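Have a look at start38.cif; it's mmCIF, C-alpha atoms:
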```cif
data_protein
#
loop_
_atom_site.label_atom_id
_atom_site.label_comp_id
_atom_site.auth_asym_id
_atom_site.auth_seq_id
_atom_site.Cartn_x
_atom_site.Cartn_y
_atom_site.Cartn_z
CA MET Z 1 37.88 116.55 85.07
CA ALA Z 2 39.99 113.86 86.70
CA ARG Z 3 42.78 112.46 84.58
CA TRP Z 4 43.14 109.26 86.61
CA GLU Z 5 40.88 106.57 88.04
CA PRO Z 6 41.06 107.13 91.76
CA GLY Z 7 40.61 104.48 94.45
CA ALA Z 8 39.46 105.25 98.01
CA ARG Z 9 42.90 106.42 99.13
CA GLU Z 10 43.27 108.85 96.23
CA ARG Z 11 39.69 110.12 96.65
CA LEU Z 12 40.39 110.82 100.34
CA ILE Z 13 43.50 112.82 99.50
CA VAL Z 14 41.74 114.89 96.84
CA ALA Z 15 38.70 115.50 99.09
CA ALA Z 16 40.92 116.58 101.99
CA VAL Z 17 43.02 118.96 99.94
CA ASP Z 18 39.91 120.54 98.44
CA LEU Z 19 38.23 120.96 101.83
CA PHE Z 20 41.41 122.39 103.39
CA THR Z 21 41.52 124.96 100.61
CA GLU Z 22 37.78 125.78 100.72
CA GLN Z 23 37.23 126.07 104.46
CA GLY Z 24 40.65 125.89 106.08
CA TYR Z 25 42.60 123.07 107.65
CA ASP Z 26 41.42 123.61 111.24
CA ALA Z 27 37.73 123.68 110.31
CA THR Z 28 37.90 120.43 108.34
CA THR Z 29 36.99 117.18 110.12
CA VAL Z 30 37.78 113.58 109.25
CA ALA Z 31 34.01 112.99 108.93
CA GLN Z 32 33.73 115.72 106.27
CA ILE Z 33 36.68 114.35 104.33
CA ALA Z 34 35.22 110.84 104.36
CA GLU Z 35 31.81 112.13 103.28
CA ARG Z 36 33.23 114.17 100.38
CA ALA Z 37 35.23 111.13 99.24
CA GLY Z 38 32.15 108.91 99.47
CA VAL Z 39 33.64 106.51 102.04
CA THR Z 40 33.09 105.78 105.74
CA LYS Z 41 35.17 107.17 108.60
CA SER Z 42 36.58 103.71 109.27
CA THR Z 43 37.81 103.59 105.68
CA PHE Z 44 39.59 106.90 106.35
CA PHE Z 45 41.29 105.43 109.41
CA ARG Z 46 42.33 102.30 107.51
CA HIS Z 47 44.39 104.60 105.27
CA PHE Z 48 45.56 107.43 107.57
CA PRO Z 49 46.07 107.97 111.32
CA ASP Z 50 44.73 111.55 111.14
CA LYS Z 51 44.08 114.45 108.79
CA ARG Z 52 47.56 115.91 109.14
CA GLU Z 53 49.33 112.72 108.15
CA LEU Z 54 47.12 112.41 105.11
CA LEU Z 55 48.93 115.32 103.49
CA VAL Z 56 52.37 113.81 103.92
CA ALA Z 57 51.42 110.19 103.40
CA GLY Z 58 53.82 109.91 100.49
CA GLN Z 59 56.83 110.95 102.57
CA GLU Z 60 58.04 107.50 103.62
CA THR Z 61 57.65 106.13 100.09
CA LEU Z 62 59.46 109.11 98.64
CA SER Z 63 62.32 108.82 101.15
CA ARG Z 64 62.68 105.13 100.39
CA LEU Z 65 62.74 105.64 96.62
CA LEU Z 66 65.28 108.47 96.85
CA ALA Z 67 67.54 106.35 99.07
CA GLU Z 68 67.20 103.26 96.84
CA GLY Z 69 68.09 105.21 93.71
CA ILE Z 70 71.16 106.62 95.45
CA ALA Z 71 72.22 103.20 96.79
CA GLU Z 72 71.93 101.55 93.40
CA ALA Z 73 73.81 104.21 91.40
CA PRO Z 74 77.06 102.90 89.85
CA VAL Z 75 80.05 102.83 92.21
CA SER Z 76 81.79 105.31 89.93
CA ALA Z 77 79.01 107.90 90.30
CA GLY Z 78 79.88 111.12 92.16
CA PRO Z 79 77.58 112.48 94.91
CA LEU Z 80 75.38 114.54 92.59
CA GLU Z 81 75.16 111.75 90.01
CA ALA Z 82 73.93 109.48 92.79
CA VAL Z 83 71.40 112.13 93.84
CA ALA Z 84 70.25 112.33 90.22
CA ALA Z 85 69.65 108.57 90.28
CA GLY Z 86 67.59 109.00 93.45
CA LEU Z 87 65.54 111.81 91.90
CA GLU Z 88 64.92 109.71 88.81
CA ARG Z 89 63.69 106.76 90.86
CA ALA Z 90 61.40 108.87 93.05
CA SER Z 91 60.09 111.02 90.19
CA SER Z 92 59.05 108.01 88.16
CA ALA Z 93 56.63 107.02 90.95
CA MET Z 94 54.69 110.29 90.62
CA GLY Z 95 51.82 110.25 88.16
CA PRO Z 96 48.90 112.42 87.00
CA MET Z 97 47.30 112.58 90.43
CA ASN Z 98 50.45 114.04 91.99
CA ARG Z 99 50.66 116.56 89.19
CA GLU Z 100 47.05 117.63 89.51
CA LEU Z 101 47.26 117.92 93.29
CA GLY Z 102 50.35 120.16 93.29
CA PRO Z 103 48.72 123.61 93.06
CA ARG Z 104 45.86 122.67 95.39
CA LEU Z 105 48.26 121.27 97.95
CA LYS Z 106 50.30 124.44 97.75
CA ALA Z 107 47.21 126.56 98.46
CA ALA Z 108 46.20 124.39 101.42
CA VAL Z 109 49.71 124.54 102.93
CA ALA Z 110 49.94 128.31 102.40
CA ALA Z 111 46.76 128.76 104.43
CA SER Z 112 47.77 126.73 107.51
CA ALA Z 113 50.66 127.25 109.93
CA GLU Z 114 50.36 123.65 111.08
CA LEU Z 115 50.63 122.31 107.53
CA GLN Z 116 53.56 124.60 106.85
CA GLY Z 117 55.38 123.05 109.79
CA ARG Z 118 54.53 119.54 108.62
CA ASP Z 119 55.61 120.37 105.08
CA ALA Z 120 58.93 121.83 106.28
CA LEU Z 121 59.55 118.65 108.31
CA LYS Z 122 58.92 116.59 105.20
CA SER Z 123 61.77 118.40 103.45
CA VAL Z 124 64.06 117.80 106.44
CA SER Z 125 63.21 114.13 106.35
CA LEU Z 126 63.80 113.75 102.59
CA ALA Z 127 67.18 115.51 102.92
CA ALA Z 128 68.13 113.22 105.81
CA ALA Z 129 67.20 110.11 103.80
CA MET Z 130 69.43 111.21 100.92
CA THR Z 131 72.30 112.27 103.19
CA THR Z 132 72.25 108.89 104.96
CA ALA Z 133 72.21 107.02 101.64
CA LEU Z 134 75.19 109.08 100.46
CA VAL Z 135 77.16 108.52 103.67
CA THR Z 136 76.55 104.78 103.24
CA ARG Z 137 78.17 105.09 99.80
CA GLY Z 138 81.23 106.58 101.50
CA VAL Z 139 80.57 110.24 100.69
CA PRO Z 140 82.10 112.31 103.52
CA ASP Z 141 80.19 114.88 105.51
CA PRO Z 142 79.56 117.83 104.81
CA THR Z 143 79.54 116.89 101.11
CA ALA Z 144 76.82 114.30 101.75
CA HIS Z 145 74.75 116.81 103.71
CA LEU Z 146 75.09 119.44 101.01
CA ALA Z 147 74.23 116.99 98.22
CA GLY Z 148 71.15 115.83 100.17
CA GLU Z 149 69.96 119.43 100.52
CA LEU Z 150 70.53 120.05 96.81
CA GLY Z 151 68.47 116.94 96.11
CA VAL Z 152 65.52 118.31 98.10
CA LEU Z 153 65.79 121.72 96.44
CA ALA Z 154 65.85 120.07 93.02
CA PHE Z 155 62.88 117.86 93.84
CA LYS Z 156 60.81 120.78 95.11
CA ARG Z 157 61.71 123.10 92.24
CA GLY Z 158 61.09 120.39 89.68
CA TYR Z 159 57.80 119.35 91.24
CA ALA Z 160 56.56 122.95 91.37
CA GLU Z 161 57.46 123.53 87.71
CA TRP Z 162 55.89 120.24 86.59
CA SER Z 163 52.64 120.65 88.50
CA GLU Z 164 52.21 124.30 87.51
CA SER Z 165 52.89 123.78 83.81
CA ASP Z 166 50.51 122.47 81.11
CA ARG Z 167 49.11 119.29 82.57
CA ASP Z 168 48.08 117.90 79.20
CA SER Z 169 51.66 117.69 78.04
CA GLU Z 170 53.41 114.36 78.24
CA ASP Z 171 56.52 115.50 80.06
CA GLU Z 172 57.39 113.57 83.19
CA LEU Z 173 58.45 114.81 86.58
CA ALA Z 174 61.94 113.34 86.21
CA GLN Z 175 62.77 115.75 83.38
CA HIS Z 176 62.00 118.70 85.66
CA THR Z 177 63.78 117.46 88.79
CA LEU Z 178 66.92 116.51 86.84
CA LYS Z 179 66.94 119.86 85.06
CA ALA Z 180 66.60 121.64 88.42
CA LEU Z 181 69.53 119.62 89.77
CA ASP Z 182 71.65 120.61 86.77
CA GLU Z 183 70.79 124.27 87.35
CA LEU Z 184 71.69 124.03 91.02
CA GLN Z 185 74.99 122.38 90.16
CA ALA Z 186 75.77 125.18 87.71
CA ALA Z 187 74.75 127.71 90.37
CA SER Z 188 77.12 126.16 92.89
CA ALA Z 189 79.98 126.96 90.51
CA SER Z 190 79.13 130.69 90.67
CA LEU Z 191 78.84 130.99 94.43
CA GLY Z 192 82.24 132.34 95.45
CA MET K 1 75.36 128.03 137.27
CA ALA K 2 74.10 130.77 134.97
CA ARG K 3 76.78 132.57 133.01
CA TRP K 4 74.60 135.62 132.29
CA GLU K 5 72.29 137.95 134.21
CA PRO K 6 68.86 137.10 132.91
CA GLY K 7 65.87 139.45 132.73
CA ALA K 8 62.24 138.28 132.71
CA ARG K 9 62.31 137.39 129.03
CA GLU K 10 65.44 135.27 129.36
CA ARG K 11 64.14 133.59 132.52
CA LEU K 12 60.91 132.68 130.71
CA ILE K 13 62.84 131.08 127.84
CA VAL K 14 65.09 129.07 130.15
CA ALA K 15 62.14 127.96 132.32
CA ALA K 16 60.14 126.87 129.27
CA VAL K 17 62.97 124.90 127.68
CA ASP K 18 63.66 123.13 130.97
CA LEU K 19 59.99 122.27 131.51
CA PHE K 20 59.59 121.06 127.91
CA THR K 21 62.55 118.75 128.45
CA GLU K 22 61.47 117.53 131.89
CA GLN K 23 57.79 116.88 131.28
CA GLY K 24 57.21 117.27 127.55
CA TYR K 25 55.95 120.17 125.47
CA ASP K 26 52.28 119.20 125.46
CA ALA K 27 52.09 118.80 129.25
CA THR K 28 53.64 122.21 129.91
CA THR K 29 51.34 125.20 130.49
CA VAL K 30 51.99 128.92 130.31
CA ALA K 31 51.15 129.12 134.04
CA GLN K 32 53.88 126.61 134.88
CA ILE K 33 56.44 128.45 132.75
CA ALA K 34 55.61 131.77 134.41
CA GLU K 35 55.79 130.22 137.89
CA ARG K 36 59.17 128.59 137.25
CA ALA K 37 60.50 131.89 135.91
CA GLY K 38 59.14 133.74 138.93
CA VAL K 39 56.87 136.07 136.94
CA THR K 40 53.11 136.43 136.41
CA LYS K 41 51.15 135.04 133.48
CA SER K 42 50.55 138.57 132.21
CA THR K 43 54.31 139.10 132.10
CA PHE K 44 54.54 135.97 129.96
CA PHE K 45 51.96 137.35 127.55
CA ARG K 46 53.72 140.70 127.37
CA HIS K 47 56.70 138.85 125.90
CA PHE K 48 55.18 135.97 123.88
CA PRO K 49 51.83 135.19 122.25
CA ASP K 50 52.00 131.51 123.29
CA LYS K 51 54.36 128.75 124.40
CA ARG K 52 55.19 127.65 120.87
CA GLU K 53 56.31 131.09 119.71
CA LEU K 54 58.51 131.41 122.76
CA LEU K 55 60.90 128.86 121.29
CA VAL K 56 61.32 130.69 118.02
CA ALA K 57 61.14 134.20 119.38
CA GLY K 58 64.57 134.98 118.03
CA GLN K 59 63.60 134.10 114.46
CA GLU K 60 62.58 137.58 113.28
CA THR K 61 65.66 139.17 114.83
CA LEU K 62 67.90 136.53 113.31
CA SER K 63 66.32 136.95 109.85
CA ARG K 64 66.72 140.70 110.05
CA LEU K 65 70.39 140.52 111.09
CA LEU K 66 71.22 137.97 108.37
CA ALA K 67 69.54 140.15 105.75
CA GLU K 68 71.20 143.36 107.00
CA GLY K 69 74.65 141.77 106.93
CA ILE K 70 74.06 140.58 103.35
CA ALA K 71 72.69 143.96 102.24
CA GLU K 72 75.66 145.85 103.67
CA ALA K 73 78.40 143.58 102.27
CA PRO K 74 80.68 145.36 99.75
CA VAL K 75 79.29 145.59 96.21
CA SER K 76 82.25 143.52 95.03
CA ALA K 77 81.36 140.59 97.36
CA GLY K 78 80.21 137.35 95.71
CA PRO K 79 77.08 135.54 96.94
CA LEU K 80 78.88 133.45 99.57
CA GLU K 81 80.95 136.39 100.78
CA ALA K 82 77.70 138.28 101.30
CA VAL K 83 76.25 135.28 103.17
CA ALA K 84 79.39 135.25 105.33
CA ALA K 85 78.75 138.90 106.19
CA GLY K 86 75.18 137.99 107.17
CA LEU K 87 76.37 135.11 109.34
CA GLU K 88 78.89 137.35 111.03
CA ARG K 89 76.27 139.98 111.81
CA ALA K 90 73.75 137.45 113.17
CA SER K 91 76.32 135.41 115.09
CA SER K 92 77.63 138.44 116.94
CA ALA K 93 74.16 138.93 118.47
CA MET K 94 74.24 135.50 120.15
CA GLY K 95 75.76 135.43 123.61
CA PRO K 96 76.27 133.05 126.55
CA MET K 97 72.54 132.41 127.01
CA ASN K 98 72.14 131.20 123.45
CA ARG K 99 75.15 128.96 123.88
CA GLU K 100 73.91 127.47 127.12
CA LEU K 101 70.41 126.91 125.75
CA GLY K 102 71.56 125.04 122.64
CA PRO K 103 71.69 121.45 123.98
CA ARG K 104 68.52 121.88 126.07
CA LEU K 105 66.65 123.33 123.13
CA LYS K 106 67.79 120.42 120.99
CA ALA K 107 66.44 117.93 123.55
CA ALA K 108 63.09 119.72 123.79
CA VAL K 109 62.69 119.83 120.00
CA ALA K 110 63.68 116.17 119.62
CA ALA K 111 60.87 115.20 122.00
CA SER K 112 58.01 117.07 120.29
CA ALA K 113 56.62 116.67 116.77
CA GLU K 114 55.05 120.11 117.00
CA LEU K 115 58.34 121.77 117.93
CA GLN K 116 60.10 119.87 115.17
CA GLY K 117 57.66 121.37 112.69
CA ARG K 118 58.13 124.85 114.11
CA ASP K 119 61.91 124.44 114.08
CA ALA K 120 61.88 123.26 110.45
CA LEU K 121 59.79 126.31 109.52
CA LYS K 122 62.34 128.53 111.23
CA SER K 123 65.02 127.20 108.88
CA VAL K 124 62.78 127.81 105.88
CA SER K 125 62.21 131.36 107.02
CA LEU K 126 65.92 132.11 107.61
CA ALA K 127 66.78 130.72 104.17
CA ALA K 128 64.05 132.86 102.59
CA ALA K 129 65.36 136.00 104.33
CA MET K 130 68.87 135.38 102.99
CA THR K 131 67.64 134.48 99.50
CA THR K 132 65.58 137.68 99.29
CA ALA K 133 68.52 139.79 100.49
CA LEU K 134 70.74 138.18 97.83
CA VAL K 135 68.18 138.70 95.05
CA THR K 136 68.01 142.38 96.08
CA ARG K 137 71.79 142.53 95.53
CA GLY K 138 71.22 141.25 91.99
CA VAL K 139 72.21 137.61 92.56
CA PRO K 140 70.19 135.52 90.09
CA ASP K 141 68.01 132.58 91.08
CA PRO K 142 68.83 129.67 91.65
CA THR K 143 72.25 130.88 92.86
CA ALA K 144 70.56 133.09 95.47
CA HIS K 145 68.37 130.22 96.63
CA LEU K 146 71.33 127.86 96.91
CA ALA K 147 73.46 130.42 98.76
CA GLY K 148 70.59 131.07 101.20
CA GLU K 149 70.31 127.35 101.93
CA LEU K 150 74.06 127.10 102.45
CA GLY K 151 73.80 130.00 104.87
CA VAL K 152 71.20 128.15 106.95
CA LEU K 153 73.23 124.94 106.92
CA ALA K 154 76.32 126.86 108.02
CA PHE K 155 74.42 128.65 110.78
CA LYS K 156 72.92 125.43 112.13
CA ARG K 157 76.17 123.46 111.95
CA GLY K 158 78.14 126.28 113.51
CA TYR K 159 75.59 126.82 116.28
CA ALA K 160 75.50 123.11 117.11
CA GLU K 161 79.29 122.94 117.30
CA TRP K 162 79.54 126.09 119.40
CA SER K 163 76.82 125.18 121.89
CA GLU K 164 78.04 121.59 122.29
CA SER K 165 81.71 122.48 122.80
CA ASP K 166 83.43 123.72 125.97
CA ARG K 167 81.30 126.60 127.14
CA ASP K 168 84.02 128.13 129.23
CA SER K 169 86.16 128.83 126.20
CA GLU K 170 86.12 132.31 124.76
CA ASP K 171 85.40 131.39 121.15
CA GLU K 172 82.48 133.15 119.54
CA LEU K 173 79.68 131.76 117.43
CA ALA K 174 80.90 133.65 114.34
CA GLN K 175 84.12 131.57 114.20
CA HIS K 176 82.03 128.40 114.00
CA THR K 177 79.43 129.56 111.48
CA LEU K 178 82.10 131.01 109.16
CA LYS K 179 84.18 127.83 109.39
CA ALA K 180 81.08 125.76 108.56
CA LEU K 181 80.42 127.98 105.54
CA ASP K 182 84.01 127.49 104.36
CA GLU K 183 83.62 123.72 104.69
CA LEU K 184 80.36 123.76 102.75
CA GLN K 185 81.95 125.84 100.00
CA ALA K 186 84.82 123.35 99.78
CA ALA K 187 82.30 120.51 99.73
CA SER K 188 80.41 122.10 96.85
CA ALA K 189 83.59 121.82 94.78
CA SER K 190 83.60 118.02 95.24
CA LEU K 191 79.96 117.37 94.36
CA GLY K 192 80.15 116.34 90.72
#
```
Before anything else, please render the file you have as structure tokens.
Amino acid sequence: MARWEPGARERLIVAAVDLFTEQGYDATTVAQIAERAGVTKSTFFRHFPDKRELLVAGQETLSRLLAEGIAEAPVSAGPLEAVAAGLERASSAMGPMNRELGPRLKAAVAASAELQGRDALKSVSLAAAMTTALVTRGVPDPTAHLAGELGVLAFKRGYAEWSESDRDSEDELAQHTLKALDELQAASASLG
Amino acid sequence: MARWEPGARERLIVAAVDLFTEQGYDATTVAQIAERAGVTKSTFFRHFPDKRELLVAGQETLSRLLAEGIAEAPVSAGPLEAVAAGLERASSAMGPMNRELGPRLKAAVAASAELQGRDALKSVSLAAAMTTALVTRGVPDPTAHLAGELGVLAFKRGYAEWSESDRDSEDELAQHTLKALDELQAASASLG
């Protein structure tokens, strides 16, 4: 039972992820996705250039939110505090649909080499957005690079935990991503 | 002028990277690669399943060497010391051909979305190999995960530096990957 009121864009994403999981990514056509979502093919193309981009449609938004949060952190904030501000900003934009899609998305990606490549590129791009935002704050490389990578790890770990846990609970994504960042920071102290 | 004596496999890799750069990845066929390398198509297929895999052919070997180096590090070694042992083992397997290919490979990957995806997946797979080897040594998660990611960052930074610097010098890849790991470790102390 859906926990949100989906518009055409959301219905297309849900339909695509379900079809990818049921019959595989390669065997799924844009026409089938549109039909399952109850919209026309032209509606599909108003929202997405192709079926692959559909799965990573949130990437630009996510990159922008992460970078904005980092840019607007207090001047006194260290690199990881700035990353935490980025995670908080981006996490707050993710609602029930993102949570419900998590496990299905994971299954679809696991079943397709092409989606795995696209998903890996998404991580690269999020890390680059955070690294650039940190460099703009004056954080030197490789500290900025490392902090950007930690930010991606924290986001992915937090998102996995949030979307795999009890979806009726009221906890928000930000709690999980910030906790993951804390754990990674603690881990970095025991590396030597 | 080639600095190594290439066999069929090496000639195929060099021919493919050059063709990808000259005319694009999509426009390049297996037949063209084989012709440029002076071998038959069946020789190509004895070495690689397709043109995409050709570019990441070293991935399994690299993963295995990284994991072996980590597994065989002294019991007393901390997570990053074990990663350093993995980097040393893997780096020592890379010779003049790998160095010479670096910049050309970078250009080919930059020009193709598909190769970017495959390249990003390669990083994911190297990190996973190191993380698993560290967990087997008893390193707890997320420290193992973090150390594996640092290992990939160090390998990539070191390889870029090595393959972009004076190729007539005698320095070996290991010097660069180990220096990059040291820098990342220092950077992790200034994250907070």
After a least-squares superposition on chain Z over all sequentially paired C-alpha atoms, what is chain K as a short mmCIF file (atom, residue, chain, number, x, y, z; two decimals) with C-alpha atoms, keeping the file's coordinate frame?
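Dumped to result-v9.cif:
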```cif
data_model
loop_
_atom_site.label_atom_id
_atom_site.label_comp_id
_atom_site.auth_asym_id
_atom_site.auth_seq_id
_atom_site.Cartn_x
_atom_site.Cartn_y
_atom_site.Cartn_z
CA MET K 1 37.90 116.45 85.02
CA ALA K 2 40.02 113.78 86.69
CA ARG K 3 42.86 112.45 84.59
CA TRP K 4 43.25 109.25 86.63
CA GLU K 5 41.01 106.53 88.06
CA PRO K 6 41.15 107.10 91.77
CA GLY K 7 40.70 104.46 94.48
CA ALA K 8 39.54 105.22 98.03
CA ARG K 9 42.96 106.40 99.14
CA GLU K 10 43.32 108.82 96.24
CA ARG K 11 39.76 110.09 96.66
CA LEU K 12 40.43 110.78 100.35
CA ILE K 13 43.55 112.81 99.51
CA VAL K 14 41.79 114.86 96.84
CA ALA K 15 38.74 115.46 99.08
CA ALA K 16 40.94 116.57 101.99
CA VAL K 17 43.06 118.96 99.94
CA ASP K 18 39.94 120.52 98.43
CA LEU K 19 38.26 120.93 101.83
CA PHE K 20 41.43 122.37 103.39
CA THR K 21 41.53 124.94 100.60
CA GLU K 22 37.81 125.75 100.69
CA GLN K 23 37.24 126.04 104.43
CA GLY K 24 40.66 125.89 106.07
CA TYR K 25 42.59 123.05 107.66
CA ASP K 26 41.42 123.61 111.23
CA ALA K 27 37.72 123.67 110.30
CA THR K 28 37.92 120.41 108.35
CA THR K 29 37.03 117.15 110.12
CA VAL K 30 37.80 113.55 109.25
CA ALA K 31 34.03 112.96 108.91
CA GLN K 32 33.75 115.68 106.27
CA ILE K 33 36.73 114.31 104.33
CA ALA K 34 35.27 110.80 104.35
CA GLU K 35 31.85 112.07 103.25
CA ARG K 36 33.26 114.11 100.37
CA ALA K 37 35.29 111.10 99.24
CA GLY K 38 32.22 108.87 99.47
CA VAL K 39 33.71 106.47 102.04
CA THR K 40 33.15 105.74 105.74
CA LYS K 41 35.21 107.14 108.60
CA SER K 42 36.63 103.68 109.26
CA THR K 43 37.89 103.58 105.68
CA PHE K 44 39.65 106.88 106.36
CA PHE K 45 41.34 105.42 109.43
CA ARG K 46 42.39 102.31 107.54
CA HIS K 47 44.45 104.59 105.30
CA PHE K 48 45.61 107.44 107.58
CA PRO K 49 46.10 107.98 111.32
CA ASP K 50 44.76 111.56 111.14
CA LYS K 51 44.09 114.46 108.79
CA ARG K 52 47.56 115.93 109.16
CA GLU K 53 49.37 112.74 108.16
CA LEU K 54 47.15 112.42 105.13
CA LEU K 55 48.96 115.32 103.51
CA VAL K 56 52.39 113.82 103.94
CA ALA K 57 51.43 110.21 103.42
CA GLY K 58 53.80 109.93 100.50
CA GLN K 59 56.81 110.98 102.57
CA GLU K 60 58.02 107.52 103.61
CA THR K 61 57.62 106.16 100.09
CA LEU K 62 59.43 109.14 98.63
CA SER K 63 62.30 108.83 101.14
CA ARG K 64 62.64 105.14 100.40
CA LEU K 65 62.70 105.64 96.61
CA LEU K 66 65.25 108.48 96.85
CA ALA K 67 67.49 106.35 99.06
CA GLU K 68 67.14 103.25 96.84
CA GLY K 69 68.03 105.21 93.72
CA ILE K 70 71.13 106.61 95.45
CA ALA K 71 72.16 103.20 96.81
CA GLU K 72 71.88 101.54 93.41
CA ALA K 73 73.76 104.21 91.41
CA PRO K 74 77.01 102.90 89.86
CA VAL K 75 79.99 102.80 92.22
CA SER K 76 81.75 105.28 89.94
CA ALA K 77 78.96 107.89 90.32
CA GLY K 78 79.83 111.11 92.17
CA PRO K 79 77.55 112.46 94.92
CA LEU K 80 75.35 114.51 92.59
CA GLU K 81 75.12 111.73 90.02
CA ALA K 82 73.89 109.46 92.80
CA VAL K 83 71.36 112.12 93.85
CA ALA K 84 70.22 112.32 90.22
CA ALA K 85 69.62 108.57 90.28
CA GLY K 86 67.55 109.00 93.45
CA LEU K 87 65.51 111.80 91.90
CA GLU K 88 64.89 109.73 88.81
CA ARG K 89 63.67 106.77 90.85
CA ALA K 90 61.37 108.89 93.04
CA SER K 91 60.07 111.04 90.19
CA SER K 92 59.03 108.03 88.14
CA ALA K 93 56.61 107.04 90.94
CA MET K 94 54.66 110.31 90.63
CA GLY K 95 51.81 110.27 88.15
CA PRO K 96 48.91 112.44 86.98
CA MET K 97 47.31 112.63 90.44
CA ASN K 98 50.44 114.07 91.99
CA ARG K 99 50.67 116.59 89.18
CA GLU K 100 47.06 117.66 89.50
CA LEU K 101 47.28 117.94 93.29
CA GLY K 102 50.37 120.17 93.28
CA PRO K 103 48.74 123.64 93.05
CA ARG K 104 45.87 122.69 95.39
CA LEU K 105 48.28 121.29 97.94
CA LYS K 106 50.33 124.47 97.74
CA ALA K 107 47.23 126.58 98.45
CA ALA K 108 46.22 124.42 101.41
CA VAL K 109 49.72 124.57 102.93
CA ALA K 110 49.96 128.34 102.40
CA ALA K 111 46.78 128.80 104.43
CA SER K 112 47.77 126.77 107.51
CA ALA K 113 50.67 127.29 109.92
CA GLU K 114 50.37 123.69 111.07
CA LEU K 115 50.63 122.34 107.53
CA GLN K 116 53.55 124.64 106.84
CA GLY K 117 55.36 123.08 109.78
CA ARG K 118 54.53 119.57 108.63
CA ASP K 119 55.62 120.40 105.08
CA ALA K 120 58.93 121.85 106.29
CA LEU K 121 59.54 118.68 108.31
CA LYS K 122 58.90 116.62 105.19
CA SER K 123 61.77 118.43 103.46
CA VAL K 124 64.04 117.82 106.44
CA SER K 125 63.18 114.14 106.35
CA LEU K 126 63.78 113.76 102.59
CA ALA K 127 67.15 115.51 102.92
CA ALA K 128 68.09 113.22 105.82
CA ALA K 129 67.16 110.11 103.79
CA MET K 130 69.39 111.22 100.91
CA THR K 131 72.25 112.26 103.21
CA THR K 132 72.20 108.88 104.97
CA ALA K 133 72.15 107.02 101.64
CA LEU K 134 75.15 109.07 100.46
CA VAL K 135 77.10 108.50 103.69
CA THR K 136 76.47 104.75 103.24
CA ARG K 137 78.12 105.06 99.80
CA GLY K 138 81.17 106.55 101.51
CA VAL K 139 80.52 110.22 100.70
CA PRO K 140 82.05 112.27 103.53
CA ASP K 141 80.15 114.86 105.54
CA PRO K 142 79.53 117.79 104.83
CA THR K 143 79.51 116.87 101.12
CA ALA K 144 76.78 114.28 101.76
CA HIS K 145 74.72 116.79 103.72
CA LEU K 146 75.06 119.43 101.02
CA ALA K 147 74.20 116.98 98.23
CA GLY K 148 71.12 115.83 100.17
CA GLU K 149 69.93 119.42 100.52
CA LEU K 150 70.51 120.04 96.82
CA GLY K 151 68.45 116.94 96.10
CA VAL K 152 65.51 118.32 98.09
CA LEU K 153 65.78 121.73 96.44
CA ALA K 154 65.85 120.08 93.01
CA PHE K 155 62.87 117.87 93.84
CA LYS K 156 60.79 120.79 95.12
CA ARG K 157 61.70 123.11 92.25
CA GLY K 158 61.10 120.41 89.68
CA TYR K 159 57.78 119.37 91.22
CA ALA K 160 56.56 122.97 91.36
CA GLU K 161 57.46 123.54 87.71
CA TRP K 162 55.89 120.28 86.59
CA SER K 163 52.63 120.68 88.50
CA GLU K 164 52.21 124.34 87.51
CA SER K 165 52.89 123.82 83.80
CA ASP K 166 50.52 122.52 81.11
CA ARG K 167 49.10 119.34 82.55
CA ASP K 168 48.08 117.96 79.21
CA SER K 169 51.66 117.74 78.03
CA GLU K 170 53.40 114.41 78.22
CA ASP K 171 56.52 115.53 80.06
CA GLU K 172 57.39 113.60 83.18
CA LEU K 173 58.42 114.83 86.59
CA ALA K 174 61.92 113.35 86.21
CA GLN K 175 62.77 115.77 83.36
CA HIS K 176 62.00 118.70 85.66
CA THR K 177 63.76 117.47 88.80
CA LEU K 178 66.91 116.51 86.84
CA LYS K 179 66.94 119.87 85.05
CA ALA K 180 66.60 121.65 88.42
CA LEU K 181 69.52 119.62 89.77
CA ASP K 182 71.64 120.60 86.76
CA GLU K 183 70.80 124.26 87.33
CA LEU K 184 71.69 124.02 91.01
CA GLN K 185 75.00 122.36 90.16
CA ALA K 186 75.77 125.16 87.70
CA ALA K 187 74.77 127.70 90.34
CA SER K 188 77.13 126.15 92.88
CA ALA K 189 79.99 126.94 90.50
CA SER K 190 79.14 130.67 90.66
CA LEU K 191 78.84 130.98 94.44
CA GLY K 192 82.25 132.32 95.44
#
```
inquiry  = Only residues of chain Z matter here; which ones have an atom within 12 Å of chain K, counting all atoms listed in the file? Give them as a ChimeraX atom specification.
reply    = /Z:52-53,76-84,113-125,127,134,139-154,157,179-192
query = Evaluating the PyMOL selection byres ((chain K and resi 66) around 7) on the displayed file yields which residues, as a list in words?
reply =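 When the PyMOL selection byres ((chain K and resi 66) around 7) is applied to the shown file, the picked residues are Leu62, Ser63, Arg64, Leu65, Ala67, Glu68, Gly69, Ile70, Gly86, Leu87, Arg89, Ala90 and Met130 of chain K.
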key: Interatomic distance (Å, one decimal) between atom CA of Arg46 of chain Z and atom CA of Ala129 of chain Z   =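 Separation of atom CA of Arg46 of chain Z and atom CA of Ala129 of chain Z: 26.3 Å.
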key: Neighbour list for Phe20 of chain K as a PyMOL selection string, cut-off 9 Å, only C-alpha atoms, skip fewer than 2 positions in-chain   = chain K and resi 15-18+22-28+105+107-109+111-112
